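Raw contents of model09.csv, CSV, C-alpha atoms:
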chain,number,residue,atom,x,y,z
B,16,GLY,CA,-8.6,4.0,34.7
B,17,LEU,CA,-6.2,6.8,33.8
B,18,TYR,CA,-6.0,8.1,37.4
B,19,GLY,CA,-5.0,4.6,38.7
B,20,PHE,CA,-2.4,4.2,36.0
B,21,LEU,CA,-0.8,7.6,36.7
B,22,THR,CA,-0.8,6.9,40.4
B,23,TYR,CA,0.9,3.6,39.7
B,24,ILE,CA,3.6,5.3,37.6
B,25,ASP,CA,4.1,8.0,40.2
B,26,ALA,CA,4.5,5.3,43.0
B,27,MET,CA,7.1,3.4,40.8
B,28,LYS,CA,9.1,6.7,40.4
B,29,ARG,CA,9.0,7.4,44.2
B,30,ASN,CA,10.2,3.9,45.1
B,31,ASN,CA,12.8,3.7,42.3
B,32,ILE,CA,11.3,0.6,40.8
B,33,SER,CA,12.6,-0.3,37.4
B,34,THR,CA,10.2,-1.6,34.8
B,35,GLY,CA,12.9,-3.1,32.6
B,36,GLU,CA,12.8,-3.2,28.9
B,37,ALA,CA,11.2,-5.7,26.5
B,38,ARG,CA,13.7,-8.0,24.9
B,39,THR,CA,14.0,-7.6,21.2
B,40,ALA,CA,14.0,-10.7,19.0
B,41,GLY,CA,17.1,-11.5,17.1
B,42,GLU,CA,17.3,-12.1,13.3
B,43,ASP,CA,17.6,-15.9,13.7
B,44,GLU,CA,14.9,-16.4,16.3
B,45,ASN,CA,11.8,-18.4,15.4
B,46,ALA,CA,9.2,-15.6,15.6
B,47,VAL,CA,6.4,-13.9,13.7
B,48,ARG,CA,7.4,-10.5,12.4
B,49,ILE,CA,5.0,-7.9,11.3
B,50,MET,CA,6.5,-5.3,9.0
B,51,THR,CA,5.9,-3.1,6.0
B,52,VAL,CA,6.9,-4.3,2.6
B,53,HIS,CA,9.5,-1.5,2.5
B,54,LYS,CA,11.1,-2.8,5.7
B,55,SER,CA,11.2,-6.4,4.4
B,56,LYS,CA,13.3,-5.4,1.3
B,57,GLY,CA,16.3,-7.7,1.1
B,58,LEU,CA,15.0,-10.2,3.6
B,59,GLU,CA,13.5,-13.6,3.1
B,60,PHE,CA,11.1,-15.6,5.2
B,61,PRO,CA,9.7,-19.2,5.1
B,62,VAL,CA,6.1,-18.0,5.1
B,63,VAL,CA,4.9,-14.5,4.1
B,64,ILE,CA,1.4,-13.2,4.5
B,65,LEU,CA,0.6,-10.2,2.4
B,66,SER,CA,-2.6,-8.7,3.7
B,67,GLY,CA,-4.8,-5.9,2.4
B,68,ALA,CA,-4.1,-6.8,-1.3
B,69,GLY,CA,-7.7,-5.6,-2.1
B,70,ARG,CA,-6.9,-2.1,-1.0
B,71,ARG,CA,-7.7,0.3,-3.7
B,72,ILE,CA,-4.8,2.3,-5.2
B,73,ARG,CA,-6.0,5.9,-5.6
B,74,PRO,CA,-3.5,8.3,-7.2
B,75,LYS,CA,-3.5,11.6,-5.5
B,76,GLY,CA,-4.9,14.4,-7.6
B,77,SER,CA,-3.9,18.0,-7.1
B,78,GLY,CA,-7.4,19.3,-7.0
B,79,ASN,CA,-7.6,22.8,-8.4
B,80,THR,CA,-4.2,23.9,-7.2
B,81,ALA,CA,-0.9,24.0,-9.1
B,82,SER,CA,0.4,20.7,-10.4
B,83,LEU,CA,4.1,20.1,-10.3
B,84,HIS,CA,6.3,17.5,-12.1
B,85,LYS,CA,10.1,17.3,-12.5
B,86,ASP,CA,9.8,16.9,-16.3
B,87,PHE,CA,6.7,18.8,-17.2
B,88,GLY,CA,7.1,21.8,-14.9
B,89,ILE,CA,4.2,23.6,-13.3
B,90,GLY,CA,0.6,23.3,-14.4
B,91,LEU,CA,-1.7,26.1,-13.2
B,92,PRO,CA,-5.5,26.1,-13.4
B,93,SER,CA,-7.4,28.5,-15.6
B,94,VAL,CA,-9.3,30.9,-13.4
B,95,ASN,CA,-12.0,33.4,-14.2
B,96,ARG,CA,-12.6,35.5,-11.1
B,97,ALA,CA,-15.3,37.6,-12.7
B,98,GLU,CA,-17.5,34.6,-13.5
B,99,GLY,CA,-16.3,32.6,-10.4
B,100,TRP,CA,-14.9,29.5,-12.0
B,101,HIS,CA,-11.7,27.6,-12.3
B,102,ARG,CA,-10.8,24.7,-14.5
B,103,LYS,CA,-7.9,22.3,-14.9
B,104,THR,CA,-5.7,23.1,-17.9
B,105,LEU,CA,-4.4,20.5,-20.3
B,106,LEU,CA,-0.9,20.7,-18.8
B,107,GLN,CA,-2.4,20.1,-15.3
B,108,ARG,CA,-4.2,17.0,-16.5
B,109,ALA,CA,-1.1,15.7,-18.2
B,110,ILE,CA,0.9,16.2,-15.0
B,111,GLU,CA,-1.7,14.4,-13.0
B,112,ARG,CA,-1.9,11.5,-15.4
B,113,LYS,CA,1.9,11.2,-15.4
B,114,LYS,CA,2.1,11.3,-11.6
B,115,ALA,CA,-0.7,8.7,-11.4
B,116,ASP,CA,1.2,6.4,-13.8
B,117,GLU,CA,4.3,6.8,-11.7
B,118,GLU,CA,2.4,6.0,-8.5
B,119,ILE,CA,1.0,2.8,-10.1
B,120,ASP,CA,4.6,1.9,-11.2
B,121,GLU,CA,5.7,2.3,-7.6
B,122,GLU,CA,2.9,0.1,-6.3
B,123,VAL,CA,3.9,-2.6,-8.8
B,124,ARG,CA,7.5,-2.4,-7.4
B,125,ILE,CA,6.1,-2.7,-3.9
B,126,LEU,CA,4.1,-5.7,-4.9
B,127,TYR,CA,7.1,-7.3,-6.5
B,128,VAL,CA,9.1,-6.9,-3.3
B,129,ALA,CA,6.3,-8.4,-1.3
B,130,LEU,CA,5.9,-11.4,-3.6
B,131,THR,CA,9.6,-12.2,-3.6
B,132,ARG,CA,10.1,-12.3,0.2
B,133,ALA,CA,8.7,-15.9,0.6
B,134,ILE,CA,10.9,-19.0,0.5
B,135,ASP,CA,8.3,-21.7,0.9
B,136,ARG,CA,4.8,-20.2,0.9
B,137,ILE,CA,3.0,-16.9,0.4
B,138,GLU,CA,-0.5,-16.1,1.5
B,139,VAL,CA,-2.2,-13.1,-0.1
B,140,THR,CA,-5.3,-11.8,1.5
B,141,GLY,CA,-7.6,-9.0,0.2
B,142,SER,CA,-11.2,-8.4,-0.4
B,143,VAL,CA,-13.0,-7.1,-3.5
B,144,LYS,CA,-16.5,-5.8,-4.0
B,145,ASP,CA,-17.4,-7.9,-7.0
B,146,SER,CA,-15.2,-10.9,-7.9
B,147,GLY,CA,-17.1,-11.2,-11.2
B,148,LYS,CA,-15.4,-8.0,-12.5
B,149,LEU,CA,-12.0,-9.6,-12.0
B,150,ASP,CA,-12.6,-11.9,-14.9
B,151,GLU,CA,-12.9,-9.0,-17.3
B,152,ASN,CA,-9.7,-8.0,-19.1
B,153,ASP,CA,-9.6,-4.6,-17.5
B,154,PRO,CA,-6.2,-2.9,-17.9
B,155,GLY,CA,-6.9,-0.7,-14.9
B,156,LYS,CA,-4.8,-1.5,-11.9
B,157,LYS,CA,-7.1,-0.7,-9.0
B,158,SER,CA,-5.5,-3.0,-6.3
B,159,PHE,CA,-2.9,-5.7,-5.9
B,160,VAL,CA,-5.7,-8.3,-6.4
B,161,ASP,CA,-6.5,-6.7,-9.8
B,162,MET,CA,-2.8,-6.8,-10.7
B,163,MET,CA,-2.4,-10.4,-9.9
B,164,TYR,CA,-5.7,-12.1,-10.6
B,165,SER,CA,-5.7,-12.3,-14.4
B,166,GLU,CA,-2.0,-13.3,-14.5
B,167,LEU,CA,-2.3,-16.0,-11.9
B,168,HIS,CA,-5.8,-17.3,-12.5
B,169,ASP,CA,-5.0,-19.3,-15.6
B,170,TYR,CA,-1.4,-20.2,-14.9
B,171,LEU,CA,-1.4,-21.7,-11.4
B,172,PRO,CA,0.7,-24.9,-11.3
B,173,PRO,CA,-0.8,-28.1,-9.9
B,174,GLY,CA,-1.1,-28.1,-6.2
B,175,PHE,CA,-1.7,-24.3,-6.0
B,176,GLU,CA,-5.1,-22.8,-5.5
B,177,MET,CA,-6.6,-19.4,-5.5
B,178,LEU,CA,-9.4,-18.8,-3.0
B,179,LEU,CA,-11.3,-15.7,-3.9
B,180,MET,CA,-14.2,-14.4,-1.8
B,181,ALA,CA,-16.1,-11.2,-2.4
B,182,SER,CA,-17.1,-9.0,0.5

Could I get this file's structure written as structure tokens?
Amino acid sequence: GLYGFLTYIDAMKRNNISTGEARTAGEDENAVRIMTVHKSKGLEFPVVILSGAGRRIRPKGSGNTASLHKDFGIGLPSVNRAEGWHRKTLLQRAIERKKADEEIDEEVRILYVALTRAIDRIEVTGSVKDSGKLDENDPGKKSFVDMMYSELHDYLPPGFEMLLMAS
């Protein structure tokens, strides 16, 4: 338990026992590395596993607070304190749409980096609620799976396969 662990640490300090440090793997060592896509930028690996490709991309809205954008400025909600309501203005909605588009563009760049790290093989894992909806030509990019499926589905070269399972 926690008490035993703290007692052990205290005894090590009293007796000047060194625990040492874990050895870090070098760049050329044969090892499995787990890292973010951002951290992998500029590197290549024989095998890459991109997991969580079914994760939904949800642009962050501003709610009913002020919306800010470098090109559009500040969008403030319309507030009627007497009647107790507030609504998003057209400018607020335009800013939120622009920011959502920019977030999708950034996710596409992240996907590109992830897909270009593999030398020999890439495995992409992700789950979707309904695989039948992936066949529709929906322009909405809700996840990496959505972005890739329609493009890869019909154009896989011989020897490649796409295994798709719905959760």

If you measure from CA of Thr140 in chain B to CA of Thr39 in chain B, what distance in Å do you get, rounded to one decimal?
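A separation of 27.9 Å between them.
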
Close residues, Glu111 in chain B itself excluded, 12 Å, all atoms listed in the file, min 5 positions apart in chain, as a list in words:
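What passes the distance filter is Pro74, Lys75, Gly76, Ser77, Gly78, Asn79, Thr80, Ala81, Ser82, Leu83, His84, Phe87, Gly88, Ile89, Gly90, Leu91, Lys103, Thr104, Leu105, Leu106, Asp116, Glu117 and Glu118 of chain B.
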
Requested write-out: C-alpha atoms of the selected residues, as a compact mmCIF listing (two decimals), in the coordinates of the input:
# COMPACT_ATOMS: atom_id res chain seq x y z
CA PRO B 74 -3.50 8.30 -7.20
CA LYS B 75 -3.50 11.60 -5.50
CA GLY B 76 -4.90 14.40 -7.60
CA SER B 77 -3.90 18.00 -7.10
CA GLY B 78 -7.40 19.30 -7.00
CA ASN B 79 -7.60 22.80 -8.40
CA THR B 80 -4.20 23.90 -7.20
CA ALA B 81 -0.90 24.00 -9.10
CA SER B 82 0.40 20.70 -10.40
CA LEU B 83 4.10 20.10 -10.30
CA HIS B 84 6.30 17.50 -12.10
CA PHE B 87 6.70 18.80 -17.20
CA GLY B 88 7.10 21.80 -14.90
CA ILE B 89 4.20 23.60 -13.30
CA GLY B 90 0.60 23.30 -14.40
CA LEU B 91 -1.70 26.10 -13.20
CA LYS B 103 -7.90 22.30 -14.90
CA THR B 104 -5.70 23.10 -17.90
CA LEU B 105 -4.40 20.50 -20.30
CA LEU B 106 -0.90 20.70 -18.80
CA ASP B 116 1.20 6.40 -13.80
CA GLU B 117 4.30 6.80 -11.70
CA GLU B 118 2.40 6.00 -8.50

For Val52 in chain B, work out the shell of residues within 12 Å, counting only C-alpha atoms and skipping chain neighbours fewer than 4 positions away, then give it as JSON, numbers by chain.
{"B": [48, 56, 57, 58, 59, 63, 64, 65, 66, 67, 68, 122, 123, 124, 125, 126, 127, 128, 129, 130, 131, 132, 133]}

Can you build me a table of range 60-134 of chain B residues sitting at most 6 Å from range 156-163 of chain B, with the closest atom pair per residue and its distance in Å to one decimal, using all atoms listed in the file, sorted by chain and residue number, as a tab-separated table?
residue	atom	partner	partner_atom	distance
B:Ala68	CA	B:Phe159	CA	4.9
B:Gly69	CA	B:Ser158	CA	5.4
B:Arg70	CA	B:Ser158	CA	5.6
B:Arg71	CA	B:Ser158	CA	4.7
B:Ile72	CA	B:Lys157	CA	5.4

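Put simply, CA of Asp86 in chain B is 9.0 Å away from CA of Ile110 in chain B.
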